[in-house]
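Quick look at input10.cif (mmCIF, C-alpha atoms):
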```cif
data_structure
#
loop_
_atom_site.label_atom_id
_atom_site.label_comp_id
_atom_site.auth_asym_id
_atom_site.auth_seq_id
_atom_site.Cartn_x
_atom_site.Cartn_y
_atom_site.Cartn_z
CA MET A 13 130.81 105.05 90.08
CA GLU A 14 128.99 103.92 93.20
CA ARG A 15 125.43 102.65 92.95
CA ILE A 16 123.05 105.34 94.15
CA GLY A 17 119.63 105.04 95.75
CA PHE A 18 117.20 107.94 95.96
CA VAL A 19 114.17 108.01 98.24
CA GLY A 20 111.68 110.86 97.80
CA LEU A 21 110.85 112.25 94.34
CA GLY A 22 108.91 115.37 95.29
CA ILE A 23 109.40 118.95 94.11
CA MET A 24 113.08 118.96 95.10
CA GLY A 25 114.05 115.30 95.06
CA SER A 26 112.83 114.66 91.52
CA ARG A 27 115.07 117.44 90.21
CA GLN A 28 118.07 116.45 92.29
CA ALA A 29 117.81 112.84 91.17
CA ALA A 30 117.55 113.98 87.55
CA ASN A 31 120.86 115.79 87.92
CA LEU A 32 122.47 112.63 89.27
CA ARG A 33 121.23 110.74 86.22
CA ARG A 34 122.62 113.43 83.93
CA ALA A 35 125.96 113.02 85.70
CA GLY A 36 125.90 109.35 84.73
CA TYR A 37 124.91 107.65 87.98
CA GLU A 38 122.74 104.55 87.89
CA LEU A 39 119.82 105.04 90.27
CA THR A 40 117.40 102.88 92.18
CA VAL A 41 114.49 105.03 93.32
CA TYR A 42 111.57 104.83 95.70
CA ASN A 43 108.65 107.17 96.26
CA ARG A 44 105.71 106.73 98.60
CA THR A 45 103.39 107.18 95.61
CA ARG A 46 104.50 104.42 93.23
CA GLU A 47 103.02 106.13 90.16
CA THR A 48 105.32 109.11 90.72
CA ALA A 49 108.38 106.86 90.80
CA ASP A 50 107.27 104.96 87.71
CA ALA A 51 106.73 108.17 85.76
CA TRP A 52 110.08 109.60 86.85
CA ALA A 53 111.93 106.38 85.96
CA ALA A 54 110.25 106.24 82.56
CA GLU A 55 111.43 109.77 81.81
CA HIS A 56 114.95 109.60 83.22
CA GLY A 57 115.85 105.93 83.32
CA ALA A 58 116.10 104.19 86.68
CA THR A 59 115.11 101.06 88.57
CA VAL A 60 112.00 101.49 90.71
CA ALA A 61 112.05 99.72 94.09
CA ALA A 62 108.95 98.49 95.87
CA THR A 63 110.35 99.39 99.30
CA PRO A 64 113.17 101.50 100.76
CA ALA A 65 114.80 98.20 101.82
CA GLU A 66 115.16 97.30 98.15
CA VAL A 67 116.84 100.64 97.57
CA GLY A 68 119.27 99.91 100.40
CA ALA A 69 120.10 96.46 99.02
CA ALA A 70 120.81 97.84 95.55
CA SER A 71 122.84 100.90 96.57
CA ASP A 72 126.23 101.87 97.97
CA VAL A 73 124.97 105.35 98.85
CA THR A 74 121.30 106.13 99.54
CA ILE A 75 119.98 109.69 99.49
CA THR A 76 116.75 110.63 101.23
CA MET A 77 114.77 113.77 100.44
CA VAL A 78 111.49 113.69 102.35
CA VAL A 79 109.36 116.04 104.43
CA ASP A 80 110.29 115.67 108.09
CA GLY A 81 112.11 113.69 110.76
CA ALA A 82 109.34 111.14 111.14
CA GLN A 83 109.54 110.28 107.44
CA VAL A 84 113.34 110.04 107.51
CA GLN A 85 113.07 107.70 110.51
CA GLU A 86 110.48 105.60 108.69
CA VAL A 87 112.27 105.23 105.36
CA LEU A 88 115.68 104.56 106.92
CA LEU A 89 114.91 102.60 110.09
CA GLY A 90 111.26 101.54 109.87
CA GLU A 91 109.84 98.25 108.66
CA HIS A 92 111.21 97.63 105.15
CA GLY A 93 113.45 100.66 105.63
CA VAL A 94 116.76 101.26 103.87
CA ALA A 95 118.78 99.86 106.78
CA GLU A 96 116.95 96.54 106.49
CA GLY A 97 118.47 95.93 103.07
CA ALA A 98 121.72 97.88 103.26
CA ALA A 99 125.08 96.21 103.68
CA GLU A 100 127.71 97.25 106.19
CA GLY A 101 129.69 100.12 104.74
CA THR A 102 126.69 101.73 103.06
CA LEU A 103 126.40 105.50 103.39
CA CYS A 104 123.08 107.25 103.98
CA VAL A 105 122.85 110.93 103.02
CA ASP A 106 119.77 112.75 104.26
CA MET A 107 119.07 115.94 102.33
CA SER A 108 115.75 116.65 104.06
CA THR A 109 115.41 119.46 106.58
CA ILE A 110 114.76 117.94 110.00
CA ALA A 111 115.64 118.57 113.65
CA PRO A 112 119.36 118.17 114.37
CA GLY A 113 118.50 115.86 117.26
CA ASP A 114 116.60 113.57 114.90
CA SER A 115 119.64 113.40 112.62
CA ARG A 116 121.90 112.46 115.52
CA ARG A 117 119.56 109.74 116.78
CA ILE A 118 119.15 108.23 113.32
CA ALA A 119 122.91 108.36 112.72
CA ALA A 120 123.62 106.60 116.03
CA THR A 121 121.23 103.76 115.20
CA LEU A 122 122.68 103.35 111.71
CA ALA A 123 126.22 103.35 113.10
CA GLN A 124 125.34 100.29 115.21
CA ARG A 125 124.70 98.50 111.89
CA GLY A 126 127.91 99.73 110.28
CA ILE A 127 126.13 102.30 108.12
CA GLY A 128 127.44 105.85 107.80
CA PHE A 129 125.32 109.00 107.83
CA VAL A 130 125.66 112.58 106.60
CA ASP A 131 123.03 115.27 107.05
CA ALA A 132 123.11 117.52 104.00
CA PRO A 133 120.09 119.83 103.70
CA VAL A 134 119.89 122.20 100.76
CA THR A 135 118.79 125.71 100.01
CA GLY A 136 117.78 127.26 96.71
CA SER A 137 114.21 126.06 96.00
CA SER A 138 113.11 124.20 92.89
CA PRO A 139 114.74 126.40 90.18
CA LYS A 140 118.20 125.77 91.61
CA ALA A 141 117.38 122.09 92.13
CA GLU A 142 116.44 122.03 88.44
CA ASP A 143 119.71 123.47 87.18
CA GLY A 144 121.99 121.85 89.76
CA THR A 145 123.03 125.02 91.55
CA LEU A 146 121.78 124.32 95.06
CA THR A 147 123.72 125.29 98.15
CA ILE A 148 124.42 122.16 100.18
CA MET A 149 125.52 122.29 103.81
CA ALA A 150 126.74 118.98 105.21
CA GLY A 151 127.45 117.72 108.71
CA GLY A 152 129.28 114.48 109.44
CA ALA A 153 132.67 112.77 109.39
CA ALA A 154 135.08 114.19 106.84
CA THR A 155 135.56 110.79 105.20
CA ASP A 156 131.81 110.38 104.71
CA PHE A 157 131.53 113.92 103.38
CA GLN A 158 134.31 113.34 100.85
CA ARG A 159 132.63 110.12 99.72
CA ALA A 160 129.39 111.99 99.11
CA ARG A 161 130.99 115.09 97.60
CA PRO A 162 130.85 113.96 93.92
CA LEU A 163 127.10 113.48 94.33
CA PHE A 164 126.74 116.91 95.92
CA GLU A 165 128.67 118.44 93.02
CA ALA A 166 126.16 116.95 90.57
CA MET A 167 123.31 118.62 92.46
CA GLY A 168 124.78 121.83 93.82
CA GLU A 169 127.06 124.78 93.19
CA LEU A 170 128.20 125.75 96.70
CA ILE A 171 129.11 122.70 98.80
CA VAL A 172 130.08 123.42 102.42
CA HIS A 173 131.22 120.91 105.03
CA VAL A 174 129.95 122.83 108.04
CA GLY A 175 131.18 120.47 110.76
CA ASP A 176 132.27 116.96 111.70
CA GLU A 177 129.22 116.36 113.88
CA VAL A 178 125.99 115.04 112.44
CA GLY A 179 123.22 117.62 112.82
CA GLN A 180 125.35 120.67 112.16
CA GLY A 181 124.22 120.85 108.55
CA GLU A 182 120.62 120.88 109.76
CA MET A 183 121.29 123.65 112.26
CA VAL A 184 122.88 125.88 109.63
CA LYS A 185 119.90 125.25 107.34
CA LEU A 186 117.35 126.04 110.05
CA ILE A 187 119.04 129.33 110.95
CA ASN A 188 119.28 130.28 107.29
CA ASN A 189 115.60 129.56 106.68
CA ALA A 190 114.53 131.44 109.79
CA VAL A 191 116.44 134.49 108.54
CA ALA A 192 114.91 134.09 105.05
CA ALA A 193 111.40 133.88 106.52
CA ALA A 194 111.99 136.90 108.75
CA ASN A 195 113.28 138.85 105.73
CA ALA A 196 110.22 137.87 103.68
CA HIS A 197 107.96 138.94 106.55
CA THR A 198 109.74 142.31 106.77
CA LEU A 199 109.45 142.74 103.00
CA ALA A 200 105.71 142.07 103.13
CA GLN A 201 105.31 144.70 105.83
CA ALA A 202 107.35 147.22 103.83
CA LEU A 203 105.21 146.71 100.73
CA VAL A 204 102.00 147.10 102.71
CA VAL A 205 103.27 150.31 104.35
CA GLY A 206 104.28 151.57 100.94
CA ARG A 207 100.84 150.87 99.50
CA ALA A 208 99.07 152.47 102.48
CA THR A 209 101.13 155.66 102.19
CA GLY A 210 100.58 155.93 98.45
CA ILE A 211 104.11 155.56 97.14
CA ASP A 212 105.09 153.91 93.86
CA LEU A 213 105.97 150.32 94.73
CA ASP A 214 108.17 149.99 91.63
CA ALA A 215 110.23 152.92 92.89
CA LEU A 216 110.36 151.44 96.38
CA ALA A 217 111.62 148.09 95.10
CA GLN A 218 114.18 149.78 92.84
CA VAL A 219 115.62 151.91 95.63
CA MET A 220 115.64 149.10 98.18
CA GLY A 221 117.32 146.78 95.69
CA ALA A 222 120.14 149.28 95.13
CA GLY A 223 120.68 150.04 98.80
CA SER A 224 120.95 148.55 102.23
CA GLY A 225 117.32 147.38 102.06
CA GLY A 226 118.18 144.90 99.32
CA SER A 227 117.99 141.17 99.89
CA ALA A 228 117.43 137.87 98.14
CA MET A 229 113.85 137.98 99.40
CA LEU A 230 113.31 141.37 97.75
CA ALA A 231 114.56 139.98 94.43
CA LEU A 232 112.62 136.72 94.68
CA LYS A 233 109.40 137.56 96.48
CA ALA A 234 108.45 141.23 95.96
CA GLY A 235 106.94 140.50 92.55
CA PRO A 236 104.94 137.43 93.63
CA MET A 237 103.72 139.25 96.74
CA ARG A 238 102.52 142.25 94.74
CA GLU A 239 100.80 139.99 92.20
CA HIS A 240 99.47 137.59 94.85
CA ASP A 241 101.11 134.80 92.88
CA TYR A 242 101.83 131.96 95.27
CA ALA A 243 102.93 129.29 92.77
CA THR A 244 104.84 126.97 95.05
CA LEU A 245 108.61 127.07 95.11
CA PHE A 246 108.78 126.39 98.86
CA LYS A 247 105.62 125.59 100.77
CA LEU A 248 104.50 127.87 103.58
CA GLU A 249 103.89 124.86 105.83
CA HIS A 250 107.46 123.67 105.28
CA MET A 251 108.83 127.10 106.15
CA LEU A 252 106.77 127.09 109.33
CA LYS A 253 108.24 123.70 110.23
CA ASP A 254 111.79 124.97 109.73
CA VAL A 255 111.24 128.16 111.73
CA ARG A 256 109.62 126.16 114.54
CA LEU A 257 112.57 123.74 114.66
CA CYS A 258 115.04 126.64 114.74
CA LEU A 259 113.21 128.24 117.66
CA GLU A 260 113.13 124.93 119.54
CA GLU A 261 116.90 124.53 119.15
CA GLY A 262 117.47 128.11 120.29
CA GLN A 263 115.19 127.61 123.26
CA ALA A 264 117.06 124.46 124.24
CA ALA A 265 120.29 126.50 124.12
CA GLY A 266 118.71 129.31 126.15
CA VAL A 267 118.94 131.82 123.30
CA PRO A 268 115.98 133.89 122.00
CA PHE A 269 115.34 134.61 118.32
CA PRO A 270 112.59 137.29 118.36
CA ALA A 271 112.46 137.82 114.58
CA ALA A 272 111.92 134.10 114.03
CA ALA A 273 109.25 134.03 116.73
CA ALA A 274 107.35 136.85 115.01
CA VAL A 275 107.39 135.18 111.60
CA ARG A 276 106.33 131.89 113.16
CA GLU A 277 103.10 133.59 114.22
CA ALA A 278 102.59 135.07 110.75
CA LEU A 279 103.18 131.66 109.14
CA THR A 280 100.77 130.08 111.62
CA ALA A 281 98.17 132.64 110.59
CA GLY A 282 98.83 131.68 106.97
CA MET A 283 98.11 128.07 107.85
CA GLY A 284 94.85 129.21 109.40
CA ARG A 285 93.97 130.86 106.09
CA GLY A 286 94.47 127.57 104.24
CA LEU A 287 97.75 128.67 102.65
CA GLY A 288 99.93 125.76 103.80
CA ASP A 289 100.48 124.43 100.28
CA ALA A 290 101.12 127.89 98.81
CA ASP A 291 104.56 129.42 98.46
CA PHE A 292 105.68 131.22 101.61
CA ALA A 293 105.33 134.51 99.71
CA ALA A 294 101.73 134.12 100.87
CA LEU A 295 102.99 135.63 104.15
CA VAL A 296 101.85 138.89 102.63
CA GLU A 297 98.23 137.76 103.02
CA THR A 298 98.57 137.74 106.80
CA VAL A 299 100.24 141.16 106.81
CA GLU A 300 97.50 142.57 104.56
CA GLY A 301 94.84 141.10 106.80
CA PHE A 302 96.40 142.58 109.93
CA ALA A 303 96.74 146.01 108.30
CA GLY A 304 93.47 146.02 106.39
CA VAL A 305 95.40 147.03 103.24
CA ARG A 306 95.55 145.10 99.96
CA LEU A 307 98.51 145.47 97.61
#
```
Structure translated into structure tokens:
Amino acid sequence: MERIGFVGLGIMGSRQAANLRRAGYELTVYNRTRETADAWAAEHGATVAATPAEVGAASDVTITMVVDGAQVQEVLLGEHGVAEGAAEGTLCVDMSTIAPGDSRRIAATLAQRGIGFVDAPVTGSSPKAEDGTLTIMAGGAATDFQRARPLFEAMGELIVHVGDEVGQGEMVKLINNAVAAANAHTLAQALVVGRATGIDLDALAQVMGAGSGGSAMLALKAGPMREHDYATLFKLEHMLKDVRLCLEEGQAAGVPFPAAAAVREALTAGMGRGLGDADFAALVETVEGFAGVRL
């Protein structure tokens, strides 16, 4: 087995790394908050590095799972970044969700140092990260993808090589999340209309779930929306970031995405209500506020 580094032990990364340990991989880990890394290593068994460079020096493959492109740039290419310690032939696998252009720029810089790169964002939220059933969409050279595939199989259920170009995994993820957000926004509106017109929301959810109105968002978010339970599976602020990036890519290509534009505004309103750290089911708060109706 190759030596694996893991940078970023947040809601998703901590669970993904745990699945790699259960699969038998030896890990060197780094987290911006050292106490988090120490606690994780004590529970699962791993070496804690003081810097990402130490992770790079100790690893054949380094996985990053952080918040945005700036953080990926910092932990891979910044001072004391992974590339500083990594040997030629190392592979970096970024499982964060960032702009495709950021992935391509980072990959190009790493390639100058003889380091490979695959962008492999995930979908499924923390429960699927917990049980190793994430969907993983990867962009990059086929040889790099095949090298990383055993790691993906320890963390995910559906593994898709979406293209040979770096950044294509990110683009698939951004489109998927924009559709998910738009569906959640539509669901919130449907529930509010249902409440305002006096129908039984249990009946509405049952009928929608059995018909063409059914969706993953109906199954996952109708209950939390109705109960105003925003326990975080995927932060609203992170969904806003993904929708914004999708719209920017579409704009650069000269293609509109009106549904994504509408939900961007609703997510922005959620940020204005202080809901950035809440689950994106909190979208319903903005719909309720606009309608003057409470579920």
Spell out the residues picked by the PyMOL selection byres ((chain A and resi 38) around 7) here, as a PyMOL selection string. chain A and resi 15-16+33+36-37+39+58
What's the 10 Å shell around stretch 288-301 of chain A, counting all atoms listed in the file, without same-chain residues fewer than 5 positions away, as a PyMOL selection string? chain A and resi 193+196-205+229+232-238+240-252+275+277-283+306-307
With distances taken over all atoms listed in the file, which residue among A:Val191, A:Met167, A:Ile118, A:Met220 lies nearest A:Gly90?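 Counting all atoms listed in the file, the residue closest to A:Gly90 is A:Ile118.
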Go through A:Ala208, A:Leu186, A:Val60, A:Ala160 one by one, measure the shortest atom-to-atom distance of each to A:Ala303 using all atoms listed in the file, and give the residue with the smallest value. A:Ala208
So, counting all atoms listed in the file, which residue among A:Ala53, A:Ala153, A:Leu163, A:Ala123 is closest to A:Ile75?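 Of the candidates, the smallest distance to A:Ile75 is held by A:Leu163.
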So that I can check the surroundings of A:Asp72, please list as a list in words every protein, DNA and RNA residue that reaches within 10 Å of it, counting all atoms listed in the file and ignoring chain neighbours fewer than 3 positions away.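 Contacts, with the query itself left out: Met13, Glu14, Arg15, Ile16, Gly17, Val67, Gly68, Ala69, Ala98, Ala99, Glu100, Gly101, Thr102, Leu103 and Cys104 of chain A.
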Using the selection just defined, write its residues with C-alpha atoms as an mmCIF file, in the coordinates of the input.
```
data_model
loop_
_atom_site.group_PDB
_atom_site.id
_atom_site.type_symbol
_atom_site.label_atom_id
_atom_site.label_comp_id
_atom_site.auth_asym_id
_atom_site.auth_seq_id
_atom_site.Cartn_x
_atom_site.Cartn_y
_atom_site.Cartn_z
ATOM 1 C CA MET A 13 130.810 105.050 90.080
ATOM 2 C CA GLU A 14 128.990 103.920 93.200
ATOM 3 C CA ARG A 15 125.430 102.650 92.950
ATOM 4 C CA ILE A 16 123.050 105.340 94.150
ATOM 5 C CA GLY A 17 119.630 105.040 95.750
ATOM 6 C CA VAL A 67 116.840 100.640 97.570
ATOM 7 C CA GLY A 68 119.270 99.910 100.400
ATOM 8 C CA ALA A 69 120.100 96.460 99.020
ATOM 9 C CA ALA A 98 121.720 97.880 103.260
ATOM 10 C CA ALA A 99 125.080 96.210 103.680
ATOM 11 C CA GLU A 100 127.710 97.250 106.190
ATOM 12 C CA GLY A 101 129.690 100.120 104.740
ATOM 13 C CA THR A 102 126.690 101.730 103.060
ATOM 14 C CA LEU A 103 126.400 105.500 103.390
ATOM 15 C CA CYS A 104 123.080 107.250 103.980
#
```
Can you turn the PyMOL selection byres ((chain A and resi 145-147) around 12) into a concrete residue list for this file, as a ChimeraX atom specification? /A:24-25,27-28,31,107,132-144,148-150,164-174,181,184-185,188
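Nearest residue to A:Gly226 among A:Gly210, A:Ala154, A:Ala54, A:Asn195 is A:Asn195, counting only C-alpha atoms.
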What does the distance between atom CA of A:Ala194 and atom CA of A:Ala273 come to in Å, to one decimal place?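 Between these atoms lies a distance of 8.9 Å.
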Could you please determine the separation between atom CA of A:Ser115 and atom CA of A:Gly284 in Å, to one decimal place?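 About the pair atom CA of A:Ser115 and atom CA of A:Gly284: they are 29.6 Å apart.
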With all atoms listed in the file as the atoms that count, which of A:Thr121, A:Gly175, A:Asp212, A:Gly113 lies nearest to A:Ala264?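 Comparing A:Thr121, A:Gly175, A:Asp212, A:Gly113 against A:Ala264, the winner is A:Gly113.
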Choose the residue, out of A:Val178, A:Ala190, A:Ala70, A:Ala222, that has the smallest atom-to-atom separation from A:Asp156; count all atoms listed in the file. A:Val178
What is the atom CA of A:Glu260-atom CA of A:Gln85 distance in Å, reported with one decimal?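 The value is 19.5 Å.
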Write out as a list in words which residues come within 12 Å of A:Ala62 when counting all atoms listed in the file, dropping same-chain ones fewer than 3 positions away.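 So, after excluding close chain neighbours, the residues are Val19, Thr40, Val41, Tyr42, Asn43, Arg44, Thr45, Arg46, Glu47, Ala49, Asp50, Thr59, Ala65, Glu66, Val67, Gly68, Ala69, Ala70, His92, Gly93 and Val94 of chain A.
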Which residues would end up in the selection if the PyMOL selection byres ((chain A and resi 179) around 8) were applied here, given that I need the answer as JSON, numbers by chain? {"A": [111, 112, 113, 115, 116, 131, 151, 152, 177, 178, 180, 181, 182, 183]}
Could you pull out every residue with an atom within 6 Å of (117.1, 113.9, 104.1), file coordinates, counting only C-alpha atoms, and send them as an MDAnalysis selection string? chainID A and resid 76:78 106:108
Could you give me the centre and size, in Å to one decimal, of an axis-aligned box around all listed atoms of stretch 222-227 of chain A with 5 Å added on every side, as AutoDock Vina command-line options?
```
--center_x 119.1 --center_y 145.6 --center_z 98.7 --size_x 13.6 --size_y 18.9 --size_z 17.1
```
